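Enquirer: Just dropping this structure here.
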Amino acid sequence: MRIVTYEFNGEIYSGVIKSNFVVPFAEFFGENVTTLEFINSAKDDIIDTINKKIKDIENICSKVNAENVKLLSPIHIPFRNVFCLGKNYHDHIKELAGFTGTGEVPTHPVYFTKTAYPPVGPCDNINLNQDATKCLDYEVELGIIVGKKGRNIKKEEAYSYIFGYTIINDVSAREVQKNHSQWFKGKSLDGTCPIGPHIVTKDEIADVNNLNIKSTVNGELRQNSNTKNMIFDIPFIISQLSQGLTLYPGDIIATGTPSGVGQGFDPPKYLKKGDIVNCEIESIGNLVNVVS
């Protein structure tokens, strides 16, 4: 199942996208339900029921052609910051060794947070923020959507706490990031956290630790790797992050980016106005945004 949030006739809805149609959750629940509300209530039997019903999508009266809606960030307004991992691919650590000051592989995950407000969806632009940065960069990342509350989660139980997966572009203002001992400000300028185009429920992903992940800018391949190359895999990330820190349904975790970011080129290839950034992850889709 692929979960979307979208705008149609001036109203915001959440629902399911299939065969180029979107179906609002009201079709299944009798009222408009947000993605966060759905994640909080979604049990396997509910997901199975919806999957069965949308197989007959041609006979669902509430469906709308996807071409007639504006897709928004699937969790339109996250209730707290995105949890992010830095330095989670060996090749990315190597390419930014001069920028970060070290090429050492971390023995523990490097965590930071990133605001996702104002929300940026697959039909929104990335804000160039020329008043604050001249070095705006892109980073394609696999995003985990937490499905249920958990604390001190065991690695062998980690997948049971996942609702699904999405794509995140961890857009970064490099000189702002470097000027501060913490990365928060350089990662959180307005309009620099595209998420989408949808959330794919975990039952649709056979092996999330073996997905091709890449990005292009104006059609030029920049990043090209696989999630199997993560230093810390998904069960470890969820288990370690939850030690003493409660995860809640709807929490978003960005799992790090591979090499090929703009800062890693000589000279650097930073984003500029009009650039088209395409972040792609196998079995999930494409998150495409224009820089403005």
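In the structure tokens, chains take letters A, B, ... by order of appearance, with residues numbered from 1 within each chain and ligands from 1 in the order shown.
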Given only C-alpha atoms, how would the per-residue table for range 173-211 of chain A near range 37-54 of chain A read, listing every residue at most 12 Å away with its closest atom pair and distance in Å to one decimal, sorted by chain and number, as a Markdown table?

Expert:
| residue | atom | partner | partner_atom | distance |
| --- | --- | --- | --- | --- |
| A:Ile199 | CA | A:Ile39 | CA | 10.6 |
| A:Val200 | CA | A:Ile47 | CA | 11.8 |
| A:Thr201 | CA | A:Ile47 | CA | 9.0 |
| A:Lys202 | CA | A:Asp44 | CA | 10.9 |
| A:Asp203 | CA | A:Asp44 | CA | 9.6 |
| A:Glu204 | CA | A:Asn51 | CA | 11.3 |

Enquirer: Restricting it to N, CA and C atoms, dump the selection as a PDB file, in the first residue's frame.

Expert:
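The resulting file, part32.pdb, is shown below:
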ATOM      1  N   ILE A 199       4.357   7.041   1.280  1.00  0.00           N
ATOM      2  CA  ILE A 199       4.888   6.055   2.224  1.00  0.00           C
ATOM      3  C   ILE A 199       4.488   4.681   1.709  1.00  0.00           C
ATOM      4  N   VAL A 200       5.457   3.810   1.543  1.00  0.00           N
ATOM      5  CA  VAL A 200       5.197   2.435   1.135  1.00  0.00           C
ATOM      6  C   VAL A 200       5.175   1.574   2.393  1.00  0.00           C
ATOM      7  N   THR A 201       4.073   0.875   2.625  1.00  0.00           N
ATOM      8  CA  THR A 201       4.002   0.028   3.814  1.00  0.00           C
ATOM      9  C   THR A 201       5.019  -1.100   3.726  1.00  0.00           C
ATOM     10  N   LYS A 202       5.499  -1.513   4.895  1.00  0.00           N
ATOM     11  CA  LYS A 202       6.652  -2.427   4.945  1.00  0.00           C
ATOM     12  C   LYS A 202       6.379  -3.763   4.263  1.00  0.00           C
ATOM     13  N   ASP A 203       5.108  -4.163   4.152  1.00  0.00           N
ATOM     14  CA  ASP A 203       4.803  -5.455   3.543  1.00  0.00           C
ATOM     15  C   ASP A 203       5.135  -5.495   2.057  1.00  0.00           C
ATOM     16  N   GLU A 204       5.327  -4.316   1.439  1.00  0.00           N
ATOM     17  CA  GLU A 204       5.638  -4.258   0.008  1.00  0.00           C
ATOM     18  C   GLU A 204       7.129  -4.298  -0.287  1.00  0.00           C
TER      19      GLU A 204
END

Enquirer: DSSP on the backbone: what in range 37-273 of chain A comes out strand (DSSP E), as a PyMOL selection string?

Expert: chain A and resi 64-65+70-72+82-86+110-114+136-137+140-146+162-169+172-173+195-201+212-217+220-226+252-254

Enquirer: A:Thr113, A:Asn125, A:Ser188, A:Asn9: which is nearest Asn289 in chain A, counting only C-alpha atoms?

Expert: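 Of A:Thr113, A:Asn125, A:Ser188, A:Asn9, the one nearest Asn289 in chain A is A:Asn125, counting only C-alpha atoms.
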
Enquirer: Could you work out how far CA of Leu96 in chain A lies from CA of Thr257 in chain A, giving the answer in Å with one decimal?

Expert: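 Atom-to-atom, CA of Thr257 in chain A and CA of Leu96 in chain A are spaced 11.7 Å apart.
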